[in-house]
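Asks: So here's model-v8.csv, just CSV, N, CA and C atoms:
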```csv
chain,number,residue,atom,x,y,z
U,44,MET,N,39.0,20.3,5.2
U,44,MET,CA,38.4,21.4,5.9
U,44,MET,C,37.1,21.0,6.5
U,45,GLU,N,37.0,21.4,7.8
U,45,GLU,CA,35.8,20.9,8.6
U,45,GLU,C,34.6,21.8,8.3
U,46,TRP,N,33.4,21.2,8.2
U,46,TRP,CA,32.2,22.0,7.8
U,46,TRP,C,31.6,22.5,9.1
U,47,THR,N,31.8,23.8,9.4
U,47,THR,CA,31.3,24.4,10.6
U,47,THR,C,30.2,25.4,10.2
U,48,PRO,N,29.5,25.9,11.2
U,48,PRO,CA,28.5,26.9,10.9
U,48,PRO,C,29.1,28.2,10.4
U,49,LEU,N,30.3,28.5,10.8
U,49,LEU,CA,31.0,29.7,10.3
U,49,LEU,C,31.3,29.6,8.8
U,50,VAL,N,31.7,28.4,8.4
U,50,VAL,CA,32.0,28.1,7.0
U,50,VAL,C,30.7,28.2,6.2
U,51,LYS,N,29.6,27.7,6.8
U,51,LYS,CA,28.3,27.8,6.1
U,51,LYS,C,27.9,29.2,5.9
U,52,ALA,N,28.1,30.0,7.0
U,52,ALA,CA,27.7,31.4,6.9
U,52,ALA,C,28.5,32.2,5.9
U,53,GLN,N,29.8,31.9,5.8
U,53,GLN,CA,30.7,32.6,4.8
U,53,GLN,C,30.3,32.2,3.4
U,54,ASP,N,30.0,30.9,3.2
U,54,ASP,CA,29.5,30.5,1.9
U,54,ASP,C,28.2,31.1,1.5
U,55,ARG,N,27.3,31.2,2.5
U,55,ARG,CA,26.0,31.9,2.2
U,55,ARG,C,26.2,33.3,1.8
U,56,VAL,N,27.0,34.0,2.5
U,56,VAL,CA,27.3,35.5,2.2
U,56,VAL,C,28.0,35.6,0.8
U,57,LYS,N,28.9,34.7,0.6
U,57,LYS,CA,29.6,34.7,-0.7
U,57,LYS,C,28.6,34.5,-1.9
U,58,SER,N,27.6,33.7,-1.7
U,58,SER,CA,26.6,33.5,-2.7
U,58,SER,C,25.7,34.7,-2.9
U,59,TRP,N,25.6,35.6,-1.9
U,59,TRP,CA,24.9,36.9,-2.1
U,59,TRP,C,25.6,37.8,-3.0
U,60,ILE,N,26.9,38.0,-2.7
U,60,ILE,CA,27.7,39.0,-3.4
U,60,ILE,C,28.4,38.5,-4.6
U,61,ASN,N,28.7,37.2,-4.7
U,61,ASN,CA,29.4,36.6,-5.8
U,61,ASN,C,30.8,37.2,-6.1
U,62,PRO,N,31.6,37.4,-5.1
U,62,PRO,CA,33.0,37.9,-5.4
U,62,PRO,C,33.9,36.7,-5.6
U,63,THR,N,35.2,37.0,-6.0
U,63,THR,CA,36.1,36.0,-6.1
U,63,THR,C,36.7,35.6,-4.7
U,64,GLY,N,36.8,36.6,-3.9
U,64,GLY,CA,37.2,36.4,-2.5
U,64,GLY,C,36.3,37.2,-1.6
U,65,PHE,N,36.0,36.7,-0.4
U,65,PHE,CA,35.1,37.4,0.5
U,65,PHE,C,35.9,37.9,1.7
U,66,ASP,N,35.7,39.2,1.9
U,66,ASP,CA,36.4,39.8,3.1
U,66,ASP,C,35.3,40.3,4.0
U,67,VAL,N,35.3,39.6,5.2
U,67,VAL,CA,34.2,40.0,6.2
U,67,VAL,C,34.4,41.4,6.7
U,68,GLN,N,35.6,41.9,6.8
U,68,GLN,CA,35.8,43.3,7.2
U,68,GLN,C,35.2,44.3,6.3
U,69,LYS,N,35.2,44.1,5.0
U,69,LYS,CA,34.6,45.0,4.1
U,69,LYS,C,33.1,45.1,4.3
U,70,LEU,N,32.5,43.9,4.4
U,70,LEU,CA,31.0,43.9,4.6
U,70,LEU,C,30.7,44.5,6.0
U,71,ARG,N,31.4,44.2,7.0
U,71,ARG,CA,31.2,44.8,8.3
U,71,ARG,C,31.4,46.4,8.2
U,72,GLY,N,32.4,46.8,7.5
U,72,GLY,CA,32.6,48.3,7.3
U,72,GLY,C,31.5,48.9,6.6
U,73,LEU,N,30.9,48.3,5.6
U,73,LEU,CA,29.8,48.8,4.8
U,73,LEU,C,28.6,48.9,5.7
U,74,LEU,N,28.3,47.8,6.4
U,74,LEU,CA,27.1,47.9,7.3
U,74,LEU,C,27.2,48.9,8.4
U,75,MET,N,28.4,49.0,9.0
U,75,MET,CA,28.6,50.0,10.1
U,75,MET,C,28.5,51.4,9.5
U,76,GLY,N,29.0,51.6,8.3
U,76,GLY,CA,28.9,53.0,7.7
U,76,GLY,C,27.4,53.3,7.4
U,77,ASN,N,26.6,52.4,7.0
U,77,ASN,CA,25.2,52.6,6.7
U,77,ASN,C,24.5,52.9,8.1
U,78,ILE,N,24.8,52.1,9.1
U,78,ILE,CA,24.1,52.3,10.4
U,78,ILE,C,24.5,53.7,11.0
U,79,LEU,N,25.8,54.0,10.9
U,79,LEU,CA,26.2,55.3,11.5
U,79,LEU,C,25.6,56.5,10.7
U,80,SER,N,25.6,56.4,9.4
U,80,SER,CA,25.0,57.5,8.5
U,80,SER,C,23.5,57.6,8.8
U,81,SER,N,22.8,56.5,9.0
U,81,SER,CA,21.3,56.5,9.3
U,81,SER,C,21.1,57.2,10.6
U,82,THR,N,22.0,56.8,11.6
U,82,THR,CA,21.8,57.4,13.0
U,82,THR,C,22.1,58.9,13.0
U,83,VAL,N,23.1,59.3,12.3
U,83,VAL,CA,23.4,60.7,12.2
U,83,VAL,C,22.2,61.5,11.5
U,84,GLY,N,21.7,60.9,10.5
U,84,GLY,CA,20.5,61.5,9.8
U,84,GLY,C,19.3,61.7,10.7
U,85,GLU,N,19.0,60.6,11.5
U,85,GLU,CA,17.9,60.7,12.4
U,85,GLU,C,18.1,61.7,13.5
U,86,VAL,N,19.4,61.8,14.0
U,86,VAL,CA,19.7,62.8,15.1
U,86,VAL,C,19.5,64.2,14.5
U,87,CYS,N,20.0,64.4,13.3
U,87,CYS,CA,19.9,65.7,12.7
U,87,CYS,C,18.4,66.1,12.5
U,88,ALA,N,17.6,65.2,12.0
U,88,ALA,CA,16.2,65.5,11.8
U,88,ALA,C,15.5,65.8,13.1
U,89,TYR,N,15.9,65.0,14.1
U,89,TYR,CA,15.3,65.3,15.5
U,89,TYR,C,15.7,66.7,16.0
U,90,ARG,N,16.9,67.0,15.8
U,90,ARG,CA,17.4,68.4,16.3
U,90,ARG,C,16.8,69.5,15.5
U,91,LEU,N,16.5,69.3,14.2
U,91,LEU,CA,15.8,70.3,13.4
U,91,LEU,C,14.4,70.4,13.9
U,92,LEU,N,13.7,69.3,14.2
U,92,LEU,CA,12.4,69.4,14.8
U,92,LEU,C,12.4,70.2,16.1
U,93,LEU,N,13.3,69.9,16.9
U,93,LEU,CA,13.4,70.6,18.2
U,93,LEU,C,13.7,72.1,18.0
U,94,GLN,N,14.4,72.4,17.0
U,94,GLN,CA,14.7,73.8,16.7
U,94,GLN,C,13.4,74.5,16.3
U,95,ASP,N,12.6,73.9,15.5
U,95,ASP,CA,11.3,74.4,15.1
U,95,ASP,C,10.4,74.5,16.2
U,96,ILE,N,10.4,73.6,17.1
U,96,ILE,CA,9.5,73.6,18.3
U,96,ILE,C,9.9,74.8,19.2
U,97,ARG,N,11.2,75.0,19.4
U,97,ARG,CA,11.7,76.1,20.3
U,97,ARG,C,11.3,77.4,19.6
U,98,GLY,N,11.3,77.5,18.3
U,98,GLY,CA,11.0,78.7,17.6
U,98,GLY,C,9.5,78.9,17.5
U,99,GLY,N,8.7,78.0,18.0
U,99,GLY,CA,7.2,78.2,18.0
U,99,GLY,C,6.5,77.8,16.7
U,100,GLU,N,7.2,77.2,15.8
U,100,GLU,CA,6.6,76.9,14.5
U,100,GLU,C,5.9,75.6,14.5
U,101,LEU,N,6.2,74.7,15.4
U,101,LEU,CA,5.6,73.4,15.5
U,101,LEU,C,5.1,73.1,16.9
U,102,PRO,N,4.0,72.3,17.0
U,102,PRO,CA,3.5,71.9,18.4
U,102,PRO,C,4.5,71.0,19.0
U,103,SER,N,4.5,70.9,20.3
U,103,SER,CA,5.5,70.2,21.1
U,103,SER,C,5.4,68.7,20.9
U,104,TYR,N,4.2,68.2,20.5
U,104,TYR,CA,4.0,66.7,20.4
U,104,TYR,C,4.4,66.1,19.0
U,105,VAL,N,4.9,66.9,18.1
U,105,VAL,CA,5.3,66.5,16.7
U,105,VAL,C,6.4,65.4,16.8
U,106,PRO,N,7.5,65.6,17.6
U,106,PRO,CA,8.5,64.5,17.6
U,106,PRO,C,8.0,63.2,18.0
U,107,ASP,N,7.1,63.2,19.0
U,107,ASP,CA,6.6,61.9,19.5
U,107,ASP,C,5.7,61.2,18.4
U,108,ILE,N,4.9,62.0,17.7
U,108,ILE,CA,4.1,61.4,16.7
U,108,ILE,C,5.0,60.9,15.5
U,109,LEU,N,6.0,61.6,15.2
U,109,LEU,CA,6.9,61.2,14.1
U,109,LEU,C,7.7,59.9,14.5
U,110,ILE,N,8.1,59.9,15.7
U,110,ILE,CA,8.9,58.7,16.2
U,110,ILE,C,8.0,57.4,16.1
U,111,VAL,N,6.7,57.6,16.6
U,111,VAL,CA,5.8,56.4,16.6
U,111,VAL,C,5.4,56.1,15.2
U,112,SER,N,5.1,57.1,14.3
U,112,SER,CA,4.7,56.8,13.0
U,112,SER,C,5.8,56.1,12.1
U,113,MET,N,7.1,56.6,12.3
U,113,MET,CA,8.2,56.0,11.6
U,113,MET,C,8.5,54.6,12.1
U,114,SER,N,8.3,54.4,13.4
U,114,SER,CA,8.5,53.0,13.9
U,114,SER,C,7.4,52.1,13.3
U,115,ALA,N,6.2,52.5,13.2
U,115,ALA,CA,5.1,51.7,12.6
U,115,ALA,C,5.4,51.5,11.2
U,116,LEU,N,5.9,52.5,10.4
U,116,LEU,CA,6.2,52.4,9.0
U,116,LEU,C,7.3,51.3,8.8
U,117,GLU,N,8.3,51.4,9.6
U,117,GLU,CA,9.4,50.4,9.5
U,117,GLU,C,8.9,49.0,9.8
U,118,ALA,N,8.0,48.9,10.8
U,118,ALA,CA,7.5,47.5,11.1
U,118,ALA,C,6.6,47.0,10.0
U,119,ILE,N,5.9,47.9,9.3
U,119,ILE,CA,5.1,47.4,8.2
U,119,ILE,C,5.9,47.1,6.9
U,120,VAL,N,6.9,47.9,6.6
U,120,VAL,CA,7.7,47.8,5.4
U,120,VAL,C,8.7,46.7,5.5
U,121,THR,N,9.2,46.4,6.7
U,121,THR,CA,10.3,45.5,6.8
U,121,THR,C,10.1,44.1,6.2
U,122,PRO,N,8.9,43.5,6.4
U,122,PRO,CA,8.7,42.2,5.8
U,122,PRO,C,8.7,42.2,4.3
U,123,PHE,N,8.2,43.3,3.7
U,123,PHE,CA,8.2,43.4,2.2
U,123,PHE,C,9.6,43.6,1.7
U,124,VAL,N,10.4,44.4,2.4
U,124,VAL,CA,11.8,44.6,1.9
U,124,VAL,C,12.6,43.3,2.1
U,125,SER,N,12.4,42.6,3.2
U,125,SER,CA,13.1,41.3,3.4
U,125,SER,C,12.6,40.3,2.3
U,126,TRP,N,11.4,40.3,2.0
U,126,TRP,CA,10.9,39.3,1.0
U,126,TRP,C,11.5,39.7,-0.4
U,127,TRP,N,11.5,41.0,-0.7
U,127,TRP,CA,12.0,41.4,-2.0
U,127,TRP,C,13.5,41.2,-2.1
U,128,GLY,N,14.2,41.4,-1.0
U,128,GLY,CA,15.6,41.3,-1.0
U,128,GLY,C,16.2,39.9,-0.9
U,129,PHE,N,15.3,38.9,-0.7
U,129,PHE,CA,15.7,37.5,-0.5
U,129,PHE,C,16.6,37.1,-1.7
U,130,LYS,N,16.1,37.4,-2.9
U,130,LYS,CA,16.9,36.9,-4.1
U,130,LYS,C,17.7,38.0,-4.7
U,131,ASN,N,17.6,39.3,-4.2
U,131,ASN,CA,18.3,40.4,-4.7
U,131,ASN,C,19.2,41.1,-3.7
U,132,ARG,N,20.0,40.3,-3.0
U,132,ARG,CA,20.7,40.9,-1.9
U,132,ARG,C,21.7,42.0,-2.3
U,133,ARG,N,22.4,41.8,-3.5
U,133,ARG,CA,23.3,42.7,-3.9
U,133,ARG,C,22.7,44.0,-4.3
U,134,LEU,N,21.6,44.0,-5.1
U,134,LEU,CA,20.8,45.1,-5.5
U,134,LEU,C,20.2,45.9,-4.3
U,135,LEU,N,19.8,45.1,-3.3
U,135,LEU,CA,19.2,45.7,-2.1
U,135,LEU,C,20.3,46.4,-1.3
U,136,MET,N,21.5,45.9,-1.2
U,136,MET,CA,22.5,46.5,-0.5
U,136,MET,C,23.0,47.8,-1.2
U,137,ILE,N,23.1,47.7,-2.5
U,137,ILE,CA,23.5,48.9,-3.3
U,137,ILE,C,22.5,50.0,-3.2
U,138,SER,N,21.2,49.7,-3.3
U,138,SER,CA,20.2,50.7,-3.2
U,138,SER,C,20.1,51.3,-1.8
U,139,TYR,N,20.2,50.5,-0.8
U,139,TYR,CA,20.2,51.0,0.6
U,139,TYR,C,21.4,51.9,0.8
U,140,THR,N,22.6,51.5,0.3
U,140,THR,CA,23.7,52.4,0.5
U,140,THR,C,23.6,53.7,-0.2
U,141,LEU,N,23.1,53.7,-1.4
U,141,LEU,CA,22.9,54.9,-2.2
U,141,LEU,C,21.8,55.8,-1.5
U,142,MET,N,20.8,55.2,-1.0
U,142,MET,CA,19.7,56.0,-0.3
U,142,MET,C,20.3,56.7,1.0
U,143,VAL,N,21.1,55.9,1.7
U,143,VAL,CA,21.8,56.5,2.9
U,143,VAL,C,22.7,57.6,2.5
U,144,MET,N,23.5,57.4,1.4
U,144,MET,CA,24.4,58.4,1.0
U,144,MET,C,23.7,59.7,0.5
U,145,LEU,N,22.6,59.6,-0.2
U,145,LEU,CA,21.9,60.7,-0.7
U,145,LEU,C,21.2,61.5,0.5
U,146,THR,N,20.7,60.7,1.4
U,146,THR,CA,20.1,61.4,2.6
U,146,THR,C,21.1,62.1,3.4
U,147,THR,N,22.3,61.5,3.6
U,147,THR,CA,23.3,62.1,4.4
U,147,THR,C,23.9,63.3,3.7
U,148,THR,N,24.1,63.2,2.4
U,148,THR,CA,24.6,64.4,1.6
U,148,THR,C,23.6,65.5,1.7
U,149,SER,N,22.3,65.2,1.6
U,149,SER,CA,21.3,66.3,1.6
U,149,SER,C,21.4,67.1,2.9
U,150,LEU,N,21.8,66.5,4.0
U,150,LEU,CA,21.9,67.3,5.3
U,150,LEU,C,22.9,68.4,5.2
U,151,TYR,N,23.9,68.3,4.3
U,151,TYR,CA,24.9,69.4,4.2
U,151,TYR,C,24.3,70.6,3.5
U,152,PHE,N,23.2,70.5,2.8
U,152,PHE,CA,22.6,71.6,2.0
U,152,PHE,C,21.4,72.2,2.7
U,153,LEU,N,21.2,71.8,4.0
U,153,LEU,CA,20.1,72.5,4.7
U,153,LEU,C,20.5,73.9,5.1
U,154,PRO,N,19.6,74.8,5.0
U,154,PRO,CA,19.9,76.2,5.4
U,154,PRO,C,20.1,76.3,6.9
U,155,SER,N,20.9,77.3,7.3
U,155,SER,CA,21.1,77.5,8.8
U,155,SER,C,19.9,78.2,9.3
U,156,ALA,N,19.9,78.3,10.6
U,156,ALA,CA,18.7,78.9,11.3
U,156,ALA,C,18.5,80.4,10.9
U,157,ALA,N,19.6,81.1,10.7
U,157,ALA,CA,19.5,82.5,10.3
U,157,ALA,C,19.0,82.7,8.9
U,158,VAL,N,19.3,81.8,8.0
U,158,VAL,CA,18.9,82.0,6.6
U,158,VAL,C,17.5,81.3,6.4
U,159,ARG,N,17.0,80.6,7.3
U,159,ARG,CA,15.8,79.7,7.1
U,159,ARG,C,14.6,80.5,6.7
U,160,GLU,N,14.4,81.7,7.1
U,160,GLU,CA,13.2,82.5,6.8
U,160,GLU,C,13.2,82.8,5.3
U,161,GLU,N,14.4,82.9,4.6
U,161,GLU,CA,14.4,83.2,3.2
U,161,GLU,C,14.1,82.0,2.3
U,162,SER,N,14.3,80.8,2.9
U,162,SER,CA,14.2,79.6,2.0
U,162,SER,C,12.7,79.2,2.0
```
Could you express the structure from this file as structure tokens?
Replies:
Amino acid sequence: MEWTPLVKAQDRVKSWINPTGFDVQKLRGLLMGNILSSTVGEVCAYRLLLQDIRGGELPSYVPDILIVSMSALEAIVTPFVSWWGFKNRRLLMISYTLMVMLTTTSLYFLPSAAVREES
């Protein structure tokens, strides 16, 4: 078997997860699911903010401030998460997946616009 960069990459990913067999499609599916769930959560949060702005409950500059502050937070936190996850790839992937699942599930329990005054 020829030693190519692809084989090196597969061996490296195998060492993170430690399975008996490694299936690239499963990892790709897991990552795509996390990315899609995160994107849907961000879009829902943005739409809720716009709903509150149209209702006159928030100033019009709030989404811009939140987008900039969340981007800055991600830029500050990313090196620490990468450093912590260097030896704990499996735990990091599991905790990230659970966080995305909890965040996405909580979107289903948000009150509708008509019921929001009571909550």
Asks: What gap, in Å, lies between CA of Val143 in chain U and atom C of Gly72 in chain U?
Replies: 12.9 Å
Asks: For Thr140 in chain U, work out the shell of residues within 6.5 Å, counting only N, CA and C atoms and skipping chain neighbours fewer than 5 positions away, then give it as a PyMOL selection string.
Replies: chain U and resi 77+135+145
Asks: Rank nothing, just name the residue among U:Ala118, U:Tyr139, U:Val105, U:Lys130 nearest to Ala88 in chain U, using only C-alpha atoms.
Replies: U:Val105
Asks: Tell me, in Å to one decimal, how far CA of Ile108 in chain U is from CA of Val86 in chain U.
Replies: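 Pair CA of Ile108 in chain U / CA of Val86 in chain U returns 15.7 Å.
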Asks: Rebuild range 129-143 of chain U to N, CA, C and O atoms - output it as a PDB file, in the frame of the given file, please.
Replies:
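For reference, selection_23.pdb as written:
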```pdb
ATOM      1  N   PHE U 129      15.300  38.900  -0.700  1.00  0.00           N
ATOM      2  CA  PHE U 129      15.700  37.500  -0.500  1.00  0.00           C
ATOM      3  C   PHE U 129      16.600  37.100  -1.700  1.00  0.00           C
ATOM      4  O   PHE U 129      17.593  36.433  -1.536  1.00  0.00           O
ATOM      5  N   LYS U 130      16.100  37.400  -2.900  1.00  0.00           N
ATOM      6  CA  LYS U 130      16.900  36.900  -4.100  1.00  0.00           C
ATOM      7  C   LYS U 130      17.700  38.000  -4.700  1.00  0.00           C
ATOM      8  O   LYS U 130      18.547  37.815  -5.530  1.00  0.00           O
ATOM      9  N   ASN U 131      17.600  39.300  -4.200  1.00  0.00           N
ATOM     10  CA  ASN U 131      18.300  40.400  -4.700  1.00  0.00           C
ATOM     11  C   ASN U 131      19.200  41.100  -3.700  1.00  0.00           C
ATOM     12  O   ASN U 131      19.098  42.300  -3.502  1.00  0.00           O
ATOM     13  N   ARG U 132      20.000  40.300  -3.000  1.00  0.00           N
ATOM     14  CA  ARG U 132      20.700  40.900  -1.900  1.00  0.00           C
ATOM     15  C   ARG U 132      21.700  42.000  -2.300  1.00  0.00           C
ATOM     16  O   ARG U 132      21.820  43.020  -1.704  1.00  0.00           O
ATOM     17  N   ARG U 133      22.400  41.800  -3.500  1.00  0.00           N
ATOM     18  CA  ARG U 133      23.300  42.700  -3.900  1.00  0.00           C
ATOM     19  C   ARG U 133      22.700  44.000  -4.300  1.00  0.00           C
ATOM     20  O   ARG U 133      23.087  45.137  -3.930  1.00  0.00           O
ATOM     21  N   LEU U 134      21.600  44.000  -5.100  1.00  0.00           N
ATOM     22  CA  LEU U 134      20.800  45.100  -5.500  1.00  0.00           C
ATOM     23  C   LEU U 134      20.200  45.900  -4.300  1.00  0.00           C
ATOM     24  O   LEU U 134      20.266  47.094  -4.213  1.00  0.00           O
ATOM     25  N   LEU U 135      19.800  45.100  -3.300  1.00  0.00           N
ATOM     26  CA  LEU U 135      19.200  45.700  -2.100  1.00  0.00           C
ATOM     27  C   LEU U 135      20.300  46.400  -1.300  1.00  0.00           C
ATOM     28  O   LEU U 135      20.042  47.563  -0.859  1.00  0.00           O
ATOM     29  N   MET U 136      21.500  45.900  -1.200  1.00  0.00           N
ATOM     30  CA  MET U 136      22.500  46.500  -0.500  1.00  0.00           C
ATOM     31  C   MET U 136      23.000  47.800  -1.200  1.00  0.00           C
ATOM     32  O   MET U 136      23.255  48.796  -0.551  1.00  0.00           O
ATOM     33  N   ILE U 137      23.100  47.700  -2.500  1.00  0.00           N
ATOM     34  CA  ILE U 137      23.500  48.900  -3.300  1.00  0.00           C
ATOM     35  C   ILE U 137      22.500  50.000  -3.200  1.00  0.00           C
ATOM     36  O   ILE U 137      22.843  51.157  -2.939  1.00  0.00           O
ATOM     37  N   SER U 138      21.200  49.700  -3.300  1.00  0.00           N
ATOM     38  CA  SER U 138      20.200  50.700  -3.200  1.00  0.00           C
ATOM     39  C   SER U 138      20.100  51.300  -1.800  1.00  0.00           C
ATOM     40  O   SER U 138      19.903  52.487  -1.685  1.00  0.00           O
ATOM     41  N   TYR U 139      20.200  50.500  -0.800  1.00  0.00           N
ATOM     42  CA  TYR U 139      20.200  51.000   0.600  1.00  0.00           C
ATOM     43  C   TYR U 139      21.400  51.900   0.800  1.00  0.00           C
ATOM     44  O   TYR U 139      21.240  52.974   1.395  1.00  0.00           O
ATOM     45  N   THR U 140      22.600  51.500   0.300  1.00  0.00           N
ATOM     46  CA  THR U 140      23.700  52.400   0.500  1.00  0.00           C
ATOM     47  C   THR U 140      23.600  53.700  -0.200  1.00  0.00           C
ATOM     48  O   THR U 140      23.918  54.753   0.318  1.00  0.00           O
ATOM     49  N   LEU U 141      23.100  53.700  -1.400  1.00  0.00           N
ATOM     50  CA  LEU U 141      22.900  54.900  -2.200  1.00  0.00           C
ATOM     51  C   LEU U 141      21.800  55.800  -1.500  1.00  0.00           C
ATOM     52  O   LEU U 141      21.988  57.012  -1.469  1.00  0.00           O
ATOM     53  N   MET U 142      20.800  55.200  -1.000  1.00  0.00           N
ATOM     54  CA  MET U 142      19.700  56.000  -0.300  1.00  0.00           C
ATOM     55  C   MET U 142      20.300  56.700   1.000  1.00  0.00           C
ATOM     56  O   MET U 142      20.087  57.836   1.190  1.00  0.00           O
ATOM     57  N   VAL U 143      21.100  55.900   1.700  1.00  0.00           N
ATOM     58  CA  VAL U 143      21.800  56.500   2.900  1.00  0.00           C
ATOM     59  C   VAL U 143      22.700  57.600   2.500  1.00  0.00           C
ATOM     60  O   VAL U 143      22.779  58.686   3.122  1.00  0.00           O
TER      61      VAL U 143
END
```
